[in-house]
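**Student:** Starting off with a structure, shown below.
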Amino acid sequence: MSTPPDSTAPLLEPALRARLDALLDEGWELCDRFDTDVRQKEFHPFLPADYEEVLEALLPFRGPGVRFLEWGSANGVITIMADLLGFEAYGIELDGDLVVQARALAQRTGSRARFAAGSFLPSGYRLNRGGEKDRLGTIGTGPSGYVELGIPLDDFDLVFGYPWSGEEPIMLDLMSRYGRADARLLLAKTSGGVKSMLGREIVVAR
């Protein structure tokens, strides 16, 4: 995957911007409904990233045939956003109810994004280090979503995740062990913004 130019991201065509605006509006409505129906009754790890910040982070990497993966794709908004931008877009989500929502949203928005129900951890994944800090946090385990997609992690050009505090090292470890050296990892930060790293830049202490 080529490095994007240093110039600012190009403006979106009006028709595409309108489709994205409609998607994000519906996405926030789904998040509000999820908060009322689920999160106010019991803990759930899904919290939405700032969609506009993620959109700005994706724009420089648009290009023919760029394959995108979202770890923990929830209701599908960001994966569908990537599809509308022209990426070959996939999402993996452990919560089957959210996968149903994501597929329905993709159908309503005319998106070809694909979603797998399962874990974004490859089969048999274990952290290489010991200690309390190496627990998976809110990252759940289950059947590998890559099996359903039929695509391994090292076939993706661009991977996006939104880790809870303390979970970033797990995502870095995944990319350093299973991702391609020329693939890019985008991580939304709880403090705001999106961090961008090439696989070869990711060094994880073992």
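Residue names in the structure tokens use chain letters A, B, ... in the order shown, residue numbers from 1 in each chain, and ligand numbers from 1 in the order shown.
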Based on the backbone DSSP call, show me all residues of chain A assigned strand (DSSP E), as a list in words.
**Tutor:**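 Selection result, strand (DSSP E) within chain A: Arg67, Phe68, Leu69, Glu70, Trp71, Glu88, Ala89, Tyr90, Gly91, Ile92, Glu93, Arg114, Phe115, Ala116, Ala117, Leu158, Val159, Phe160, Gly161, Arg184, Leu185, Leu186, Leu187, Ala188, Val194, Lys195, Ser196, Met197 and Leu198 of chain A.
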**Student:** Could the residues of range 106-179 of chain A that have an atom at most 12 Å from range 20-36 of chain A be listed as a tab-separated table, each with its closest atom pair and the distance in Å to one decimal, counting only C-alpha atoms and ordered by chain and ascending residue number?
**Tutor:**
```
residue	atom	partner	partner_atom	distance
A:Ala106	CA	A:Leu23	CA	9.5
A:Gln107	CA	A:Leu23	CA	11.7
A:Arg108	CA	A:Leu23	CA	9.5
A:Thr109	CA	A:Leu23	CA	7.2
A:Gly110	CA	A:Leu23	CA	10.5
A:Ser111	CA	A:Leu23	CA	10.4
```
**Student:** Include N, CA and C atoms and write out the residues we just selected as a PDB file, in the first residue's frame.
**Tutor:**
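That gives us part.pdb:
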```pdb
ATOM      1  N   ALA A 106     -26.232  -1.811   5.913  1.00  0.00           N
ATOM      2  CA  ALA A 106     -25.569  -1.883   4.612  1.00  0.00           C
ATOM      3  C   ALA A 106     -26.599  -2.005   3.490  1.00  0.00           C
ATOM      4  N   GLN A 107     -27.611  -2.811   3.709  1.00  0.00           N
ATOM      5  CA  GLN A 107     -28.643  -2.979   2.689  1.00  0.00           C
ATOM      6  C   GLN A 107     -29.407  -1.676   2.463  1.00  0.00           C
ATOM      7  N   ARG A 108     -29.742  -0.975   3.553  1.00  0.00           N
ATOM      8  CA  ARG A 108     -30.493   0.276   3.426  1.00  0.00           C
ATOM      9  C   ARG A 108     -29.693   1.361   2.717  1.00  0.00           C
ATOM     10  N   THR A 109     -28.383   1.340   2.885  1.00  0.00           N
ATOM     11  CA  THR A 109     -27.544   2.394   2.315  1.00  0.00           C
ATOM     12  C   THR A 109     -26.933   2.011   0.968  1.00  0.00           C
ATOM     13  N   GLY A 110     -27.270   0.827   0.470  1.00  0.00           N
ATOM     14  CA  GLY A 110     -26.737   0.399  -0.816  1.00  0.00           C
ATOM     15  C   GLY A 110     -25.253   0.073  -0.770  1.00  0.00           C
ATOM     16  N   SER A 111     -24.796  -0.384   0.384  1.00  0.00           N
ATOM     17  CA  SER A 111     -23.377  -0.688   0.574  1.00  0.00           C
ATOM     18  C   SER A 111     -23.087  -2.156   0.316  1.00  0.00           C
TER      19      SER A 111
END
```
**Student:** Skip Gly161 in chain A itself and residues of its chain fewer than 2 positions away, then list as a list of chain:residue names all residues within 10 Å of it, counting only C-alpha atoms.
**Tutor:** A:Ala49, A:Leu69, A:Glu70, A:Trp71, A:Gly72, A:Ser73, A:Val159, A:Pro163, A:Trp164, A:Glu168, A:Met171, A:Leu185, A:Leu186, A:Leu187, A:Ala188, A:Lys189, A:Val194
**Student:** Write the residues you've just listed into a file as an mmCIF file, in the first residue's frame, and include C-alpha atoms for each of them.
**Tutor:**
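Generated file (part_2.cif):
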```cif
data_model
loop_
_atom_site.group_PDB
_atom_site.id
_atom_site.type_symbol
_atom_site.label_atom_id
_atom_site.label_comp_id
_atom_site.auth_asym_id
_atom_site.auth_seq_id
_atom_site.Cartn_x
_atom_site.Cartn_y
_atom_site.Cartn_z
ATOM 1 C CA ALA A 49 -15.706 6.449 17.624
ATOM 2 C CA LEU A 69 -10.965 -4.212 7.847
ATOM 3 C CA GLU A 70 -12.631 -2.903 10.994
ATOM 4 C CA TRP A 71 -11.967 -4.729 14.249
ATOM 5 C CA GLY A 72 -15.166 -4.681 16.308
ATOM 6 C CA SER A 73 -17.416 -3.225 13.612
ATOM 7 C CA VAL A 159 -7.079 -1.984 9.512
ATOM 8 C CA PRO A 163 -9.348 0.145 21.673
ATOM 9 C CA TRP A 164 -10.443 0.762 25.217
ATOM 10 C CA GLU A 168 -3.924 -0.817 22.279
ATOM 11 C CA MET A 171 -3.981 -4.495 18.589
ATOM 12 C CA LEU A 185 -3.173 0.388 11.257
ATOM 13 C CA LEU A 186 -5.486 3.229 12.259
ATOM 14 C CA LEU A 187 -6.430 3.442 15.938
ATOM 15 C CA ALA A 188 -8.997 5.905 17.244
ATOM 16 C CA LYS A 189 -7.904 7.431 20.539
ATOM 17 C CA VAL A 194 -6.796 8.800 15.015
#
```
**Student:** Grab the CA of Pro122 in chain A to CA of Ile139 in chain A distance for me, in Å with one decimal place.
**Tutor:** 12.5 Å
**Student:** Go through range 56-186 of chain A and collect every residue that DSSP, computed from the backbone, puts in alpha helix (DSSP H); the answer should be as an NGL selection string.
**Tutor:** :A and (56-58 or 77-84 or 96-109 or 145-149 or 168-178)
